[in-house]
Amino acid sequence: MAGRIRREDVEAVRERARIEDIVGEQVALKTAGVGSMKGLCPFHDERTPSFHVRPQVGLYHCFGCGEGGDVIDFVQKVDGLPFAEAVEYLAGRVGVQLRYEEGGGPRPGLEPGTRQRLLEAHRVAAEFYTEQLLTPGAAAARDFLAGRGFDRSAADQFGIGYAPQGWDGLLRHLRGRGFTDKELVASGLMSQGNRGIYDRFRGRLVWPIREVTGDTVGFGARRLYDEDQGPKYLNTPETALYKKSHVLYGIDLAKREIARTKKVVVVEGYTDVMAMHLSGVGTAIATCGTAFGAEHARIVRRLMGDVGDKGAVVFTFDGDEAGQKAAMKAHEQQGVLGVPAYVAVADEGMDPCDLRQRKGPDAVRALVDSPPPLFRFVLRRQLADYDLSTVEGRAGALREAAPTVAGIPRPDLREGYTRELAGWLGMDLRTVQQAVRSAARSTQAGGGPGGRPGQQGSGPGGAGGPGSRPGGQGSRPGGYGPDSGPGDRGRAVEAATVGVAQMPMPDPRDPVATTERRALEVVLQLPELVPVEFDQLDAETFGAPAYRAVHTAVRAAGGAAQAKVLAGGHGAGAWVEAVREQAAAPVHSLITRLAVEPIPEDRPDKLPGYARGLVMALVELALTRHIADLRGRLQRLDPDAGPDAQRELFQQLLAAENQRRALRESA
């Protein structure tokens with residue numbers, strides 16, 4: 001059994017793996033103050049970004065669900081990996097050669113069945129398929145591509161390959177590269193039969209299906225030969241890597257354009273994605289053998305970011321019954337998408353690939369330039385099922401369409417569609433308005449479409465939105481509850497408890513607690529700016545038990561003096577990690593939050609004064625408390641104590657008051 005990864009190598013991975021790059025592959029990040037970035041949380045549904053990344057300290061924290069940590073934690077949570085595999089994945093990304101304790105080298109074959117090993121098998125398989133496309137036996141595959149207007153450069157751009165007709169072409173190749181049969185079955189590249197394992201894809205054109213990161217996690221394969229009795233399209237089965245509800249074909253190619261334009265075009269097939277991209281629509285993606293679902297919507301939304309009505313998702317469907325059903329299914333995800341959705345259907349029911357061949361790239365671009373809203377398409381589709389010439393038909397159509405109109409989030413659009421619906425039905429406007437209001441009340445009572453009674457959305461600093469993960473830090477027994485949002489936005493939060501000590505989280509409206517929090521944020525994020533006076537503060541300076549616990553960890557890690565040394569030599573992230581190591585486990589999430597929360601002062605030249613002002617405010621607060629204590633002791637002094645005791649207390653009081661006066665005059 002291989003040993004643990006050496007600590008210094010883990011630290012090297014943390015230092016070299018830029019958290020903003022790794023997170024940015026999953027989340028559209030934008031600047032949020034000095035040295036801070038924010039985006040929509042990948043761990044729970046939200047409409048307003050509460051997920052913050054602090055590149056300088058190498059940490060992230062969501063103020064909605066409480067998830068937080070460093071770059072390794074992020075990879076673990078977003079990909080569901082154990083610690084060692086997350087480190088190995090990042091080490092491969094940033095070029096760190098890992099060493100193992102107990103004499104172990106890299107885990108043998110990265111331990112058969114692990115994610116890294118499966119990814120490597122897919123990488124080798126993708127190379128094999130692309131090489132096979134150039135062989136004489138792949139003529140049918142090349143003819144298929146040419147017949148749809150795709151040349152060699154297009155095949156290269158999309159990584160298209162060919163799976164040869166034999167039963168073991170890929171099997172022999174992968175065995176020759178050291179992969180075991182167990183790994184190959186686990187990868188989904190092989191199928192298990194009575195006589196052993198064999199290639200899953202045979203005699204087919206093959207498209208690699210990649211994650212946002214660009215890693216190949218599966219394949220889609222198209223039948224080429226008449227004697228093939230299998231399905232027209234065959235995809236990788238569900239595996240540890242490939243979940244069809246979590247993958248989108250073309251997302252690796254489209255992600256940058258999606259982030260730039262805040263627009264997504266969802267098509268139905270692999271060749272449609274190709275046609276769109278080759279026609280200049282670089283935001284096109286497709287689902288893989290399944291309908292566009294909630295997890296697909298979340299992936300798209302994270303890439304677009306918090307754009308509201310400025311974003312757009314355009315669905316292109318065939319005009320057949322299957323396309324109609326797909327449009328209705330997509331409509332169910334509008335709430336998750338959080339942006340306006342549209343639907344584009346080409347004339348004569350052509351798909352984008354056909355449209356490009358028959359009418360050229362301009363027609364493809366025109367198809368998605370000004371499509372009708374999806375709400376309108378859905379309403380017309382609903383009404384088509386009823387005979388509107390009869391009273392019964394109109395009543396039935398209203399019952400079905402009213403919830404759709406009630407679900408339109410913008411009041412002005414909801415009112416507009418209410419009027420249109422009344423016109424389409426030939427019914428009195430007030431009757432339709434009443435039906436829509438009634439549908440809205442029913443929806444709210446049921447928690448919204450697809451929701452649960454009483455379910456709350458998650459805004460900034462909120463928790464419990466659809467898809468909220470119970471495994472977040474905000475819900476762990478003994479952990480911090482969901483945080484207030486960055487800067488708290490003037491909202492009070494209910495007291496949460498921390499660990500077995502039951503330390504209450506301070507009320508964010510308390511100005512003293514706010515000063516304590518802001519000072520600790522500066523100590524963790526900008527240690528080079530913290531004045532030496534911080535190290536003069538004792539634990540009792542911090543009135544909030546939670547912040548006192550963080551201060552204790554800071555002092556145990558060496559205080560402001562050591563912070564400057566660590567941060568100067570290894571970066572602020574090393575300093576934060578040193579503080580975390582000195583804290584009890586329940587305090588770790590609070591330290592992460594303080595290390596990530598945006599600094600209110602967004603002018604770099606003002607930061608030194610801001611940092612000093614906070615620390616000196618705490619020094620003055622400590623002096624004020626000390627003065628109050630001395631005065632109380634003087635008042636309670638036993639008359640029999642004698643003049644010397646009284647004189648000593650009075651001198652201490654005078655010295656403290658002079659120190660406070662000097663502090664105020666120097667401010």
# chains A, B, ... in the order shown; residues from 1 in each chain; ligands from 1
>>> residues_around(residues="Phe219 in chain A", least_positions_apart="3", cutoff="8 Å", atoms="only C-alpha atoms", output="ChimeraX atom specification")
/A:206-209,216,235-236
>>> write_last_selection(atoms="N, CA and C atoms", output="PDB file, in the first residue's frame")
ATOM      1  N   VAL A 206     -17.196   8.558 -33.477  1.00  0.00           N
ATOM      2  CA  VAL A 206     -17.123   8.802 -32.031  1.00  0.00           C
ATOM      3  C   VAL A 206     -16.809  10.270 -31.738  1.00  0.00           C
ATOM      4  N   TRP A 207     -17.591  10.843 -30.822  1.00  0.00           N
ATOM      5  CA  TRP A 207     -17.344  12.204 -30.325  1.00  0.00           C
ATOM      6  C   TRP A 207     -16.905  12.125 -28.860  1.00  0.00           C
ATOM      7  N   PRO A 208     -15.830  12.787 -28.482  1.00  0.00           N
ATOM      8  CA  PRO A 208     -15.460  12.815 -27.063  1.00  0.00           C
ATOM      9  C   PRO A 208     -16.376  13.776 -26.301  1.00  0.00           C
ATOM     10  N   ILE A 209     -16.830  13.353 -25.153  1.00  0.00           N
ATOM     11  CA  ILE A 209     -17.663  14.198 -24.289  1.00  0.00           C
ATOM     12  C   ILE A 209     -16.782  14.659 -23.138  1.00  0.00           C
ATOM     13  N   THR A 216     -11.805  14.440 -20.919  1.00  0.00           N
ATOM     14  CA  THR A 216     -12.776  13.543 -21.549  1.00  0.00           C
ATOM     15  C   THR A 216     -13.299  12.562 -20.509  1.00  0.00           C
ATOM     16  N   ASN A 235     -24.142   6.049 -26.153  1.00  0.00           N
ATOM     17  CA  ASN A 235     -23.261   6.829 -25.292  1.00  0.00           C
ATOM     18  C   ASN A 235     -22.586   5.948 -24.249  1.00  0.00           C
ATOM     19  N   THR A 236     -21.585   6.507 -23.602  1.00  0.00           N
ATOM     20  CA  THR A 236     -20.971   5.854 -22.452  1.00  0.00           C
ATOM     21  C   THR A 236     -22.036   5.610 -21.386  1.00  0.00           C
TER      22      THR A 236
END
>>> select_by_dssp(residues="range 210-456 of chain A", states="strand (DSSP E)", output="JSON, numbers by chain")
{"A": [210, 216, 217, 218, 219, 220, 221, 222, 223, 233, 234, 235, 263, 264, 265, 266, 267, 284, 285, 286, 312, 313, 314, 315, 316, 341, 342, 343, 344]}
>>> write_last_selection(atoms="C-alpha atoms", output="tab-separated table (two decimals), in the first residue's frame")
chain	number	residue	atom	x	y	z
A	210	ARG	CA	-15.68	16.51	-22.06
A	216	THR	CA	-12.78	13.54	-21.55
A	217	VAL	CA	-15.25	11.61	-19.38
A	218	GLY	CA	-17.19	9.68	-22.00
A	219	PHE	CA	-18.04	9.27	-25.67
A	220	GLY	CA	-21.03	9.51	-27.95
A	221	ALA	CA	-21.02	7.16	-30.94
A	222	ARG	CA	-23.11	7.16	-34.14
A	223	ARG	CA	-24.03	3.99	-36.04
A	233	TYR	CA	-26.60	6.78	-31.05
A	234	LEU	CA	-24.83	5.01	-28.21
A	235	ASN	CA	-23.26	6.83	-25.29
A	263	LYS	CA	-25.68	33.63	-23.94
A	264	VAL	CA	-26.11	29.89	-24.45
A	265	VAL	CA	-27.57	27.99	-27.38
A	266	VAL	CA	-28.80	24.49	-26.56
A	267	VAL	CA	-29.15	22.13	-29.52
A	284	ALA	CA	-23.66	26.05	-28.62
A	285	ILE	CA	-23.87	22.97	-26.42
A	286	ALA	CA	-26.01	19.81	-26.33
A	312	ALA	CA	-30.22	34.42	-22.59
A	313	VAL	CA	-30.63	30.72	-23.25
A	314	VAL	CA	-31.86	29.74	-26.71
A	315	PHE	CA	-33.17	26.22	-27.22
A	316	THR	CA	-33.28	24.86	-30.76
A	341	ALA	CA	-35.22	31.59	-22.34
A	342	TYR	CA	-36.11	31.45	-26.02
A	343	VAL	CA	-36.87	28.75	-28.53
A	344	ALA	CA	-35.81	28.60	-32.17
>>> closest_residue(among="A:Val596, A:Leu630, A:Ala163, A:Leu205", to="Lys232 in chain A", atoms="only C-alpha atoms")
A:Leu205
>>> closest_residue(among="A:Trp424, A:Phe317, A:Tyr60, A:Trp575", to="Ser36 in chain A", atoms="only C-alpha atoms")
A:Tyr60
>>> atom_distance(atom1="CA of Gly147 in chain A", atom2="CA of Asp272 in chain A")
13.9 Å
>>> closest_residue(among="A:Arg301, A:Gly293, A:Gly632, A:Val75", to="Pro49 in chain A", atoms="only C-alpha atoms")
A:Arg301
>>> residues_around(residues="Gly543 in chain A", least_positions_apart="5", cutoff="9 Å", atoms="only C-alpha atoms", output="count of residues only")
4
>>> closest_residue(among="A:Leu388, A:Val522, A:Cys65, A:Met328", to="Leu374 in chain A", atoms="only C-alpha atoms")
A:Met328
